[in-house]
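Take a look at the structure set out below.
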Amino acid sequence: MKKQTFLFLFCSMLAVKSVAQSPARNGNDYAYLFFVKNFDAGVWTNLPETKEEINDIADELENNYGFQVKVVPDATKTQIETTLLAAGNRTYGPNDQILIFFSTHGFFIENEDRGYLIPKDGKSEKQDPLRKSWLSYEDLGSYINLIKCEHILVSLDACYSGAFGDRWKSKPRRFEEEGSCERTQKRALFKDSRLYFTSGSKKQKTPAHSKFANAWLSTLRKESDKIITTNDLNYAFGRIDSPKPESGSFTKAHEGGDFVFVHKNACSVAPIIDKTADRKAWRTAKTADNLPAYRKYRSDFPNGEFRPLAEIRINELEAIQQEERDWETAKTANSVTAYNSFIIKYPASDYLDLAEYYRSKLLPVKNPPTDDLPNMVFVQGGTFQMGSKDGEAEEKPIHSVTLSDFYLHKNEVTVKEYLEFANAINSRFPEWMEKGGQFHIKTGSSDHYKGLEGTLSKENHPVVGISWNDAVAYCNWRSEKEGLQKVYKISNSTVTANWNANGYRLPTEAEWEYAARGRDRKDKWGGTSTEGDIGKYANDSGESDGYKYIAPVGSFRPNHLGLYDMSGNVWEWCWDWFADYSSASRNNPRGPDEGTRRAVRGGSYLSSTNHTRCTFRKSGMLGIGYKNFGFRIARAAR
């Protein structure tokens, strides 16, 4: 008697519900949506997102697709079973359809190859070793097979939910949509169907903020001008990177048919638009400027004049909403991997600094290697966002870069250090002459070097006027002098690098920027992000810092890592060929394989404040020595 009473009440509720059925739909559609937000046992983490996700899908199905919807919140095992049994006692027509949707925890017992859904009253495995309080996929399949409806689609948003499909999995039939609404439905529903979608495989967990549910909702909202089939859903799920949803048919006895969602505005002749009402509705949506308002406009005026603008704003606000969900997911996980994923996906996010801060707290702090490397600063590797959204075109797009540990010299190579190399190989000293214990740039007939006479001592000024080729040759000479492996193989004009060698080399652009910004500090200039403090850290244009021309190395404060003159003084050659950035993330990037100019970084004593920023980029011809170009050396950390 209790069972009959329940059936009567439930069927009555569905019957009296007013539904916006599409005039093109020639069958009845039912949806049973189960979710669990709060669990009883205390061992299962609550899922606060499920309620909003399921209710949004329910509203869309009911209001725009004509489904008769039953939502079962915080579903117990008994409620699930009773609801499915009630569905099995209904009478269905040949074109009727049922969607069964679960959003809850899932579990998979690998040695038994057996999967489960966890109801609200599901106990822990310790409390319930026989797992009688859980709903197995075999039992779920049995309840579904009692339902005498010809077209059923099961959607499982739960961890390890692919175990449902593994038991019965077969490839569903797909077809190309063509012709009228009537023909499209007839082709889709010409045979029985038992189809399923799962949010991942039997070995994958599902995030709390469900990408799977979001793809469902986006498809229902964006494809309102057509009949949606499982082809459309598969396309949406295929764009999810991880976990990867799965799909198929779960009984061979019902193989070959499809499932359709027919929007109330699909396949109908475009109505004559009341332009006054259209404009008024658009003004209302713009004033509210939120998703419900724009979606209401789109629903009420599917062919409205302002529909394209509504779609743009909906996409923007949905992207913001998704970013918020992903940020909450990263914070809940509170792991380096979660923060890295967020940083890579949203390099321009307002939460970027916070994500990097939280990540830095989780990263282990390495002690510098014990190698005796005088004046070399150990730079612990990590992941950072290279480039600037506010800088020049060459600094964009911002992209994620992960670097290994390395060493960087605290100073630029000095006149004294370079002179030792030049004398050792009997090479010219670039554009210089010795006079009274000082090294002076030759002026002669070259205006390029005028104004620098008498400013460079041979002890501690950075060497300038040397080419990229000269800098590479110096690195090899110094490596050989100290008994290290040479990094560079130089053959005429061709230079290749052995990145496994332990000798000296030029830093890559990524290494240089990472170190200049203070690793995880993201300084705008080498040592500070406050423009008023630049004079304490950098020798740039003007004499307010006390130097009209080049300053001795180490004359200013070092940055957070102990590196001097990362902004100003002289431009510093890097290894990379100069080229535009890619938006893709990179591990230890070293630039393109070929080019015509090499990158330089840091600005010089002639540079404006803007050009001494850590992210600013410039280049030079590799065979030319410039009056304000120098370099500093790097080494790999082994």
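Residue numbers start at 1 in each chain; chains themselves are named A, B, ... in the order of the structure tokens; ligands are numbered from 1 in the order shown.
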Identify, on the basis of only C-alpha atoms, every residue whose closest approach to range 102-119 of chain A does not exceed 8 Å; exclude the query and any residue fewer than 3 positions from it along the same chain; express the result as a PyMOL selection string. chain A and resi 33-37+39+44+47+50+54+74-77+122+133-137+155-161+163-164+202-203
Contact residues around range 215-232 of chain A with only C-alpha atoms at 10 Å, ignoring same-chain residues under 2 positions, as a count of residues only: 59
Distance criterion (only C-alpha atoms): nearest to Ile152 in chain A out of A:Pro507, A:Gly304, A:Gly625, A:Pro94: A:Pro94
Residues near range 331-348 of chain A, anyone? I mean within 9 Å using only C-alpha atoms, not counting same-chain ones fewer than 4 positions away, as a count of residues only. 21
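Counting from CA of Phe190 in chain A, the distance to CA of Glu138 in chain A is 27.3 Å.
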For Pro552 in chain A, the closest of A:Asn460, A:Ile624, A:Thr612, A:Asn539 counting only C-alpha atoms is A:Asn460
Please provide the set of residues having any atom within 10 Å of Val495 in chain A, restricted to only C-alpha atoms, with same-chain residues fewer than 4 positions apart removed, written as a count of residues only. 8
Determine which residues of range 38-200 of chain A receive a DSSP assignment of alpha helix (DSSP H), computed from the backbone, and state them as a PyMOL selection string. chain A and resi 49-65+77-88+137-145+162-168+181-188
Would you list, as JSON, numbers by chain, the residues of range 267-514 of chain A that end up in strand (DSSP E or B) under DSSP run on this structure's backbone? {"A": [376, 377, 378, 379, 382, 383, 384, 385, 386, 399, 400, 401, 402, 403, 406, 407, 408, 409, 414, 432, 433, 434, 435, 438, 439, 440, 441, 456, 457, 462, 488, 489, 490, 491, 494, 495, 496, 497, 504, 505]}
From the list A:Gly526, A:Gly503, A:Gly88, A:Pro397, which residue is nearest Ser142 in chain A when using only C-alpha atoms?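 Of A:Gly526, A:Gly503, A:Gly88, A:Pro397, the one nearest Ser142 in chain A is A:Gly88, counting only C-alpha atoms.
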Excluding Gly532 in chain A and its own-chain neighbours fewer than 6 positions away, which residues fall within 12 Å of it when counting only C-alpha atoms? Please give them as a list in words. Trp525, Ala538, Ser544, Asp545 and Thr609 of chain A
How about saving the chosen residues, all heavy atoms kept, as a PDB file, in the first residue's frame?
ATOM      1  N   TRP A 525      61.200  45.557 -11.083  1.00  0.00           N
ATOM      2  CA  TRP A 525      62.591  45.870 -11.410  1.00  0.00           C
ATOM      3  C   TRP A 525      63.482  44.951 -10.574  1.00  0.00           C
ATOM      4  O   TRP A 525      63.003  44.270  -9.669  1.00  0.00           O
ATOM      5  CB  TRP A 525      62.905  47.340 -11.104  1.00  0.00           C
ATOM      6  CG  TRP A 525      62.190  48.292 -12.004  1.00  0.00           C
ATOM      7  CD1 TRP A 525      62.589  48.731 -13.228  1.00  0.00           C
ATOM      8  CD2 TRP A 525      60.926  48.932 -11.761  1.00  0.00           C
ATOM      9  NE1 TRP A 525      61.663  49.591 -13.783  1.00  0.00           N
ATOM     10  CE2 TRP A 525      60.626  49.727 -12.889  1.00  0.00           C
ATOM     11  CE3 TRP A 525      60.004  48.900 -10.711  1.00  0.00           C
ATOM     12  CZ2 TRP A 525      59.470  50.491 -12.987  1.00  0.00           C
ATOM     13  CZ3 TRP A 525      58.850  49.643 -10.810  1.00  0.00           C
ATOM     14  CH2 TRP A 525      58.590  50.439 -11.938  1.00  0.00           C
ATOM     15  N   ALA A 538      69.286  50.388  -9.192  1.00  0.00           N
ATOM     16  CA  ALA A 538      69.617  50.402 -10.616  1.00  0.00           C
ATOM     17  C   ALA A 538      70.286  51.696 -11.047  1.00  0.00           C
ATOM     18  O   ALA A 538      69.936  52.784 -10.578  1.00  0.00           O
ATOM     19  CB  ALA A 538      68.344  50.176 -11.444  1.00  0.00           C
ATOM     20  N   SER A 544      70.741  61.198 -11.162  1.00  0.00           N
ATOM     21  CA  SER A 544      70.238  61.239  -9.791  1.00  0.00           C
ATOM     22  C   SER A 544      70.751  60.074  -8.957  1.00  0.00           C
ATOM     23  O   SER A 544      70.784  60.145  -7.724  1.00  0.00           O
ATOM     24  CB  SER A 544      68.702  61.246  -9.788  1.00  0.00           C
ATOM     25  OG  SER A 544      68.200  60.077 -10.419  1.00  0.00           O
ATOM     26  N   ASP A 545      71.155  58.986  -9.616  1.00  0.00           N
ATOM     27  CA  ASP A 545      71.679  57.835  -8.881  1.00  0.00           C
ATOM     28  C   ASP A 545      73.168  57.959  -8.596  1.00  0.00           C
ATOM     29  O   ASP A 545      73.780  57.068  -8.009  1.00  0.00           O
ATOM     30  CB  ASP A 545      71.409  56.536  -9.651  1.00  0.00           C
ATOM     31  CG  ASP A 545      71.918  56.586 -11.087  1.00  0.00           C
ATOM     32  OD1 ASP A 545      72.914  57.284 -11.357  1.00  0.00           O
ATOM     33  OD2 ASP A 545      71.321  55.914 -11.950  1.00  0.00           O
ATOM     34  N   THR A 609      63.223  54.229 -17.330  1.00  0.00           N
ATOM     35  CA  THR A 609      62.711  53.360 -16.273  1.00  0.00           C
ATOM     36  C   THR A 609      61.911  52.202 -16.850  1.00  0.00           C
ATOM     37  O   THR A 609      62.011  51.061 -16.384  1.00  0.00           O
ATOM     38  CB  THR A 609      61.819  54.173 -15.317  1.00  0.00           C
ATOM     39  OG1 THR A 609      62.628  55.176 -14.693  1.00  0.00           O
ATOM     40  CG2 THR A 609      61.213  53.296 -14.246  1.00  0.00           C
TER      41      THR A 609
END
